[in-house]
file input04.cif (mmCIF, C-alpha atoms)
data_coords
#
loop_
_atom_site.label_atom_id
_atom_site.label_comp_id
_atom_site.auth_asym_id
_atom_site.auth_seq_id
_atom_site.Cartn_x
_atom_site.Cartn_y
_atom_site.Cartn_z
CA MET M 210 -12.37 21.31 1.28
CA ALA M 211 -14.11 19.58 4.15
CA THR M 212 -11.70 18.85 6.98
CA GLY M 213 -13.97 16.70 9.10
CA THR M 214 -17.47 16.38 10.51
CA ALA M 215 -19.15 17.91 13.51
CA LEU M 216 -19.48 14.48 15.07
CA SER M 217 -17.87 14.05 18.49
CA MET M 218 -17.10 10.42 19.20
CA GLN M 219 -15.79 9.54 22.64
CA ARG M 220 -13.71 6.39 23.11
CA ASP M 221 -15.77 4.90 25.90
CA PRO M 222 -17.42 1.56 26.84
CA GLN M 223 -20.53 2.47 24.84
CA LEU M 224 -18.49 2.84 21.66
CA ARG M 225 -16.73 -0.46 22.30
CA THR M 226 -20.07 -2.24 22.75
CA LEU M 227 -21.50 -0.58 19.63
CA ILE M 228 -18.57 -1.67 17.45
CA GLN M 229 -18.45 -5.17 18.88
CA ASP M 230 -22.19 -5.65 18.29
CA LYS M 231 -21.94 -4.44 14.70
CA LEU M 232 -19.04 -6.79 14.01
CA ARG M 233 -20.95 -9.74 15.50
CA ALA M 234 -23.81 -8.98 13.10
CA PHE M 235 -21.45 -8.82 10.12
CA THR M 236 -20.71 -11.92 7.99
CA VAL M 237 -17.03 -11.80 7.05
CA GLN M 238 -16.04 -12.74 3.51
CA ALA M 239 -12.77 -14.63 3.87
CA THR M 240 -10.43 -15.73 1.07
CA SER M 241 -9.48 -19.38 1.35
CA ARG M 242 -5.98 -20.51 0.36
CA ASP M 243 -7.26 -22.33 -2.71
CA GLN M 244 -8.90 -19.10 -3.94
CA HIS M 245 -5.58 -17.30 -4.42
CA HIS M 246 -2.24 -18.10 -5.98
CA ASP M 247 0.70 -19.65 -4.14
CA GLN M 248 2.72 -16.45 -4.52
CA GLN M 249 0.15 -14.51 -2.50
CA HIS M 250 0.92 -14.37 1.21
CA ALA M 251 -1.45 -14.27 4.18
CA ALA M 252 -1.15 -11.08 6.22
CA ALA M 253 -3.04 -9.34 9.01
CA VAL M 254 -3.43 -5.69 9.97
CA ALA M 255 -4.72 -4.13 13.16
CA VAL M 256 -7.53 -1.58 12.92
CA ALA M 257 -6.73 -0.23 16.38
CA ILE M 258 -9.18 2.08 18.15
CA THR M 259 -7.45 4.46 20.57
CA ASP M 260 -7.52 8.06 21.83
CA GLU M 261 -6.82 10.99 19.55
CA GLY M 262 -4.24 12.08 22.11
CA HIS M 263 -2.56 15.42 21.48
CA GLY M 264 -3.73 15.60 17.88
CA ALA M 265 -3.18 13.70 14.66
CA GLU M 266 -0.10 15.75 13.62
CA LEU M 267 -1.45 16.33 10.12
CA PRO M 268 -2.41 19.56 8.33
CA GLY M 269 -6.10 20.21 8.82
CA PHE M 270 -6.30 18.83 12.37
CA PRO M 271 -6.30 20.87 15.60
CA GLN M 272 -3.48 20.32 18.05
CA HIS M 273 -4.68 19.68 21.61
CA ALA M 274 -2.89 21.08 24.65
CA ALA M 275 -4.54 18.43 26.80
CA TRP M 276 -5.05 14.76 26.02
CA SER M 277 -8.15 14.13 23.92
CA SER M 278 -10.12 10.92 24.44
CA GLN M 279 -11.98 11.27 21.16
CA ALA M 280 -11.89 7.94 19.33
CA ALA M 281 -9.18 7.58 16.69
CA LEU M 282 -7.49 4.89 14.62
CA ILE M 283 -3.74 4.21 14.58
CA VAL M 284 -2.37 4.76 11.07
CA THR M 285 1.34 4.75 10.24
CA ARG M 286 3.72 5.91 7.57
CA ARG M 287 6.00 3.04 6.60
CA SER M 288 9.72 3.51 6.97
CA GLY M 289 11.59 4.77 3.91
CA GLN M 290 14.11 1.99 4.49
CA LEU M 291 11.67 -0.80 3.69
CA ARG M 292 12.08 -2.76 0.47
CA LYS M 293 8.35 -2.66 -0.36
CA HIS M 294 5.82 0.16 0.00
CA ALA M 295 8.34 2.52 1.64
CA GLY M 296 6.75 5.72 2.93
CA GLN M 297 3.19 4.62 2.22
CA TRP M 298 0.25 4.93 4.61
CA ALA M 299 -0.48 1.66 6.39
CA LEU M 300 -2.18 -0.01 9.30
CA PRO M 301 0.13 -1.87 11.71
CA GLY M 302 0.51 -5.36 10.29
CA GLY M 303 2.47 -7.90 8.32
CA ARG M 304 2.70 -11.52 7.32
CA ILE M 305 0.99 -14.22 9.35
CA ASP M 306 3.69 -16.55 10.63
CA ALA M 307 3.34 -20.33 10.57
CA GLY M 308 1.02 -21.48 13.35
CA GLU M 309 -0.43 -18.00 13.94
CA THR M 310 -4.01 -16.85 13.59
CA ALA M 311 -4.79 -13.50 12.00
CA GLU M 312 -5.64 -12.11 15.45
CA GLN M 313 -2.31 -13.26 16.89
CA ALA M 314 -0.41 -11.78 13.96
CA ALA M 315 -2.18 -8.42 14.23
CA LEU M 316 -1.41 -8.18 17.96
CA ARG M 317 2.21 -9.20 17.40
CA GLU M 318 2.64 -6.58 14.69
CA LEU M 319 1.15 -3.88 16.95
CA ALA M 320 3.79 -4.73 19.53
CA GLU M 321 6.61 -4.85 16.97
CA GLU M 322 5.72 -1.71 14.99
CA VAL M 323 4.36 0.72 17.58
CA HIS M 324 5.28 -0.93 20.92
CA LEU M 325 1.67 -1.53 21.93
CA GLU M 326 1.21 -4.76 23.91
CA LEU M 327 -2.36 -6.10 23.95
CA ASP M 328 -3.85 -9.52 24.67
CA ALA M 329 -6.63 -11.45 22.94
CA SER M 330 -9.34 -9.72 24.99
CA ALA M 331 -8.69 -6.55 22.95
CA VAL M 332 -9.89 -8.17 19.71
CA LEU M 333 -13.42 -7.07 18.73
CA GLY M 334 -13.77 -8.90 15.41
CA GLN M 335 -12.69 -8.98 11.77
CA LEU M 336 -13.53 -7.32 8.48
CA ASP M 337 -13.39 -8.84 4.98
CA ASP M 338 -10.14 -10.14 3.54
CA PHE M 339 -8.61 -7.84 0.92
CA VAL M 340 -6.41 -9.27 -1.85
CA THR M 341 -3.72 -6.80 -2.91
CA ARG M 342 -2.04 -6.39 -6.29
CA SER M 343 1.32 -6.75 -4.53
CA GLY M 344 0.62 -10.35 -3.51
CA PHE M 345 -1.00 -10.36 -0.08
CA VAL M 346 -4.33 -11.52 1.32
CA ILE M 347 -4.91 -9.08 4.18
CA THR M 348 -7.19 -9.92 7.10
CA PRO M 349 -8.19 -6.76 9.03
CA VAL M 350 -8.55 -7.34 12.78
CA VAL M 351 -10.44 -4.68 14.76
CA VAL M 352 -8.77 -4.06 18.13
CA TRP M 353 -9.68 -1.97 21.18
CA ALA M 354 -6.32 -0.35 21.93
CA GLY M 355 -7.12 1.76 25.00
CA ALA M 356 -5.47 5.15 25.50
CA ALA M 357 -2.11 3.87 24.15
CA GLN M 358 -0.35 6.93 25.53
CA HIS M 359 3.15 5.53 25.25
CA ILE M 360 3.24 4.11 21.73
CA ARG M 361 6.32 4.90 19.68
CA PRO M 362 7.47 3.85 16.21
CA ASN M 363 9.91 1.04 15.54
CA PRO M 364 12.27 3.02 13.26
CA GLY M 365 13.14 -0.04 11.18
CA GLU M 366 9.50 -0.38 10.09
CA VAL M 367 7.60 2.82 10.88
CA GLN M 368 8.47 6.40 9.97
CA SER M 369 5.65 8.00 11.98
CA ILE M 370 2.46 7.18 13.90
CA HIS M 371 -0.77 9.13 13.38
CA ARG M 372 -3.95 9.01 15.46
CA ILE M 373 -6.67 9.81 12.92
CA PRO M 374 -10.06 10.68 14.52
CA ILE M 375 -12.74 8.21 13.48
CA ALA M 376 -14.98 11.21 12.76
CA GLU M 377 -12.59 12.15 9.94
CA PHE M 378 -13.50 8.97 8.07
CA LEU M 379 -17.17 10.06 8.12
CA ARG M 380 -16.48 13.10 5.94
CA ARG M 381 -19.01 13.89 3.21
CA ASP M 382 -16.27 13.73 0.57
CA ALA M 383 -15.25 10.20 1.57
CA PRO M 384 -14.62 7.92 -0.14
CA MET M 385 -12.93 9.45 -3.18
CA LEU M 386 -13.38 7.22 -6.24
CA ALA M 387 -11.50 7.60 -9.52
CA ARG M 388 -10.90 5.43 -12.56
CA GLU M 389 -7.26 5.16 -13.54
CA GLY M 390 -7.56 2.96 -16.62
CA HIS M 391 -5.96 -0.23 -15.32
CA GLY M 392 -8.99 -2.15 -14.09
CA PRO M 393 -12.78 -2.46 -14.24
CA HIS M 394 -13.30 -0.88 -10.80
CA PRO M 395 -12.41 2.56 -9.42
CA VAL M 396 -9.48 3.27 -7.13
CA LEU M 397 -10.66 4.11 -3.62
CA ARG M 398 -9.05 6.83 -1.50
CA MET M 399 -9.99 8.20 1.93
CA PRO M 400 -9.31 11.89 2.62
CA VAL M 401 -7.59 12.72 5.93
CA GLY M 402 -6.88 16.34 6.79
CA GLU M 403 -5.26 17.81 3.69
CA HIS M 404 -3.95 14.42 2.56
CA TRP M 405 -5.49 11.19 1.31
CA ILE M 406 -4.86 7.49 1.88
CA ALA M 407 -5.18 4.99 -0.99
CA ALA M 408 -6.39 1.40 -1.11
CA PRO M 409 -5.71 -1.18 0.18
CA THR M 410 -5.43 0.71 3.50
CA ALA M 411 -8.18 3.14 2.46
CA ALA M 412 -10.53 0.30 1.52
CA ILE M 413 -10.12 -1.24 4.98
CA LEU M 414 -10.69 2.14 6.65
CA TYR M 415 -13.80 2.68 4.55
CA GLN M 416 -15.22 -0.73 5.43
CA PHE M 417 -14.51 -0.06 9.12
CA ARG M 418 -16.54 3.15 8.82
CA GLU M 419 -19.38 1.42 7.00
CA VAL M 420 -19.62 -1.71 9.16
CA CYS M 421 -18.47 -0.59 12.62
CA ILE M 422 -19.89 2.94 12.75
CA GLU M 423 -22.66 3.22 10.16
CA GLY M 424 -23.88 -0.37 10.46
CA ARG M 425 -23.88 -0.95 6.68
CA HIS M 426 -22.56 -4.26 5.37
CA THR M 427 -20.55 -2.66 2.58
CA ARG M 428 -18.06 -4.77 0.61
CA VAL M 429 -14.74 -3.31 -0.56
CA ALA M 430 -12.70 -6.20 -1.97
CA HIS M 431 -13.50 -5.16 -5.56
CA PHE M 432 -11.95 -1.70 -5.32
CA GLU M 433 -8.77 -1.13 -7.30
CA GLN M 434 -5.45 0.08 -5.90
CA PRO M 435 -3.32 2.82 -7.48
CA ALA M 436 -0.41 1.68 -9.63
CA PHE M 437 2.21 2.70 -7.04
CA ALA M 438 0.75 0.16 -4.58
CA TRP M 439 1.04 -2.78 -6.99
CA LYS M 440 4.73 -3.48 -6.39
#

call {"tool": "encode", "arguments": {"input": "input04.cif", "output": "structure tokens"}}
result
Amino acid sequence: MATGTALSMQRDPQLRTLIQDKLRAFTVQATSRDQHHDQQHAAAVAVAITDEGHGAELPGFPQHAAWSSQAALIVTRRSGQLRKHAGQWALPGGRIDAGETAEQAALRELAEEVHLELDASAVLGQLDDFVTRSGFVITPVVVWAGAAQHIRPNPGEVQSIHRIPIAEFLRRDAPMLAREGHGPHPVLRMPVGEHWIAAPTAAILYQFREVCIEGRHTRVAHFEQPAFAWK
């Protein structure tokens, strides 16, 4: 099994400029309120670019004695106490409150879930909306999170925080596509270490890879989610 690529990707001003330029060249496909049902809720997630730190704390990743400034994304495991999607992989995020923009909601959720306070200058752009089977229209907001050395989980919402190197999402075996018999499109998963992450989170991670790193305007809204993510 491949456990990563040879690519070394430093989190530096050049990477920030590269990602911001690629997002500016990308035409976002948004889902308007009259395109989805009333029972579907608007939500935002933060695709937060940070340092790998002391390692991703997952099987298949090296543990660093010193702090690593290789670029990584913040991915969480949801608390087992939550009513929906307990224990699942997620990006920091949640419902967009009345009067909020998607960017404001993503920054608020970063502060609430992992204690990372950022202002609007950290926002680099957005990816396509993703409509979930569980009733949400998710807007992914790409955020430059800095070193984020002191983040910690809010135990009421987050079981654990993982810094997944961006290079891991460029693996040759990613994405993993499989038909599960409940829709016309395959389920998308992204391998990480010796684990995998399923859509919708995996679809957002895959589009981040395609748009922000590879410069390909790949759409992901059609990909199916596994049955366990529907509820």

call {"tool": "resolve_selection", "arguments": {"input": "input04.cif", "expression": "the PyMOL selection byres ((chain M and resi 266) around 12)", "output": "PDB file with C-alpha atoms, keeping the file's coordinate frame"}}
result
ATOM      1  CA  GLU M 261      -6.820  10.990  19.550  1.00  0.00           C
ATOM      2  CA  GLY M 262      -4.240  12.080  22.110  1.00  0.00           C
ATOM      3  CA  HIS M 263      -2.560  15.420  21.480  1.00  0.00           C
ATOM      4  CA  GLY M 264      -3.730  15.600  17.880  1.00  0.00           C
ATOM      5  CA  ALA M 265      -3.180  13.700  14.660  1.00  0.00           C
ATOM      6  CA  LEU M 267      -1.450  16.330  10.120  1.00  0.00           C
ATOM      7  CA  PRO M 268      -2.410  19.560   8.330  1.00  0.00           C
ATOM      8  CA  GLY M 269      -6.100  20.210   8.820  1.00  0.00           C
ATOM      9  CA  PHE M 270      -6.300  18.830  12.370  1.00  0.00           C
ATOM     10  CA  PRO M 271      -6.300  20.870  15.600  1.00  0.00           C
ATOM     11  CA  GLN M 272      -3.480  20.320  18.050  1.00  0.00           C
ATOM     12  CA  HIS M 273      -4.680  19.680  21.610  1.00  0.00           C
ATOM     13  CA  VAL M 284      -2.370   4.760  11.070  1.00  0.00           C
ATOM     14  CA  THR M 285       1.340   4.750  10.240  1.00  0.00           C
ATOM     15  CA  SER M 369       5.650   8.000  11.980  1.00  0.00           C
ATOM     16  CA  ILE M 370       2.460   7.180  13.900  1.00  0.00           C
ATOM     17  CA  HIS M 371      -0.770   9.130  13.380  1.00  0.00           C
ATOM     18  CA  ARG M 372      -3.950   9.010  15.460  1.00  0.00           C
ATOM     19  CA  ILE M 373      -6.670   9.810  12.920  1.00  0.00           C
ATOM     20  CA  PRO M 374     -10.060  10.680  14.520  1.00  0.00           C
ATOM     21  CA  VAL M 401      -7.590  12.720   5.930  1.00  0.00           C
ATOM     22  CA  GLY M 402      -6.880  16.340   6.790  1.00  0.00           C
ATOM     23  CA  GLU M 403      -5.260  17.810   3.690  1.00  0.00           C
ATOM     24  CA  HIS M 404      -3.950  14.420   2.560  1.00  0.00           C
TER      25      HIS M 404
END

call {"tool": "residues_around", "arguments": {"input": "input04.cif", "residues": "range 383-389 of chain M", "least_positions_apart": "2", "cutoff": "8 Å", "atoms": "only C-alpha atoms", "output": "count of residues only"}}
result
15

call {"tool": "resolve_selection", "arguments": {"input": "input04.cif", "expression": "the PyMOL selection byres ((chain M and resi 350) around 6)", "output": "tab-separated table (two decimals) with C-alpha atoms, keeping the file's coordinate frame"}}
result
chain	number	residue	atom	x	y	z
M	255	ALA	CA	-4.72	-4.13	13.16
M	256	VAL	CA	-7.53	-1.58	12.92
M	335	GLN	CA	-12.69	-8.98	11.77
M	349	PRO	CA	-8.19	-6.76	9.03
M	351	VAL	CA	-10.44	-4.68	14.76

call {"tool": "atom_distance", "arguments": {"input": "input04.cif", "atom1": "CA of Asp328 in chain M", "atom2": "CA of Pro222 in chain M"}}
result
17.7 Å

call {"tool": "atom_distance", "arguments": {"input": "input04.cif", "atom1": "CA of Ser277 in chain M", "atom2": "CA of Ile360 in chain M"}}
result
15.3 Å

call {"tool": "resolve_selection", "arguments": {"input": "input04.cif", "expression": "the PyMOL selection byres ((chain M and resi 428) around 12)", "output": "list of chain:residue names"}}
result
M:Phe235, M:Thr236, M:Val237, M:Gln238, M:Ala239, M:Leu336, M:Asp337, M:Asp338, M:Phe339, M:Ala412, M:Ile413, M:Leu414, M:Tyr415, M:Gln416, M:Phe417, M:Arg418, M:Glu419, M:Val420, M:Arg425, M:His426, M:Thr427, M:Val429, M:Ala430, M:His431, M:Phe432

call {"tool": "residues_around", "arguments": {"input": "input04.cif", "residues": "Arg220 in chain M", "least_positions_apart": "3", "cutoff": "7 Å", "atoms": "only C-alpha atoms", "output": "ChimeraX atom specification"}}
result
/M:224,260,278-280
